[in-house]
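Quick notes on the structure that follows.
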Amino acid sequence: MTDEEKRRYIRRAFEEYTKNKARLRSLNMPNAGGVDYTRPSVVSGGGNGTESAVLKYIDDKGDLDRKCEIVRRTMEYYAIEDKRHGGKGKREYIYQRWIRKRSCYVAAMKCNVTDRAARFWREEIYMTAEIIAEEYGLFP
């Protein structure tokens, strides 16, 4: 994975965090409910449908887990940093910007920083998340 692809993956992980969490909650294991014998069985050739459905489920779940884990670990890192330096800062910015889905300007106002500082923070958060993802092997 190139550096540009990693940055794009990190940005999408943050931008789609709430959507990915909802998908993880609603993702169901295929054919986990058993067999419905009231319907007539249909046999088709050319592959195992159950196997392909389970493999797709595993791939989707793994990717969503990795993206959510990147954001979660980045928030934990900044919670520790904010506690060490006092006050609320970048963790609150992450919460306001990507979890509450506020604009960059409104998230900056909630964190009592300028819009310019918030834009600098955003790039710093992306870089930190990339380092964390590399360290824990969270890239696909």
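Convention: chains lettered A, B, ... in structure tokens order; per-chain residue numbering from 1; ligands numbered from 1 as shown.
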Tell me which protein, DNA and RNA residues are within 9 Å of Val106 of chain A, counting only C-alpha atoms, leaving out same-chain ones fewer than 6 positions away, and put them as a VMD selection string. chain A and resid 96 to 97 115
Those same residues - N, CA, C and O atoms - I'd like them written as a PDB file, in the first residue's frame.
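To be explicit, this is the file written out as again.pdb:
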ATOM      1  N   GLN A  96     -16.097  15.734  18.075  1.00  0.00           N
ATOM      2  CA  GLN A  96     -16.981  16.732  17.470  1.00  0.00           C
ATOM      3  C   GLN A  96     -16.974  16.638  15.941  1.00  0.00           C
ATOM      4  O   GLN A  96     -18.023  16.746  15.307  1.00  0.00           O
ATOM      5  N   ARG A  97     -15.804  16.440  15.375  1.00  0.00           N
ATOM      6  CA  ARG A  97     -15.667  16.490  13.910  1.00  0.00           C
ATOM      7  C   ARG A  97     -16.199  15.240  13.235  1.00  0.00           C
ATOM      8  O   ARG A  97     -16.924  15.328  12.256  1.00  0.00           O
ATOM      9  N   ASP A 115      -9.874  28.144  13.626  1.00  0.00           N
ATOM     10  CA  ASP A 115     -10.104  27.266  12.483  1.00  0.00           C
ATOM     11  C   ASP A 115      -8.771  26.808  11.885  1.00  0.00           C
ATOM     12  O   ASP A 115      -8.618  25.662  11.481  1.00  0.00           O
TER      13      ASP A 115
END
Do a neighbour search on Ala79 of chain A at 12 Å with only C-alpha atoms, toss out local chain neighbours closer than 2 positions, and write the hits as a PyMOL selection string. chain A and resi 72-77+81-95
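Using only C-alpha atoms for every distance, the candidate list A:Arg122, A:Lys61, A:Arg100, A:Arg66 yields A:Lys61 as the residue closest to Leu24 of chain A.
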Using only C-alpha atoms for the distances, tell me which of A:Ala53, A:Ile80, A:Ile99, A:Val71 is nearest to Ala129 of chain A. A:Val71
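The interatomic distance for the pair atom CA of Phe120 of chain A and atom CA of Arg8 of chain A works out to 17.3 Å.
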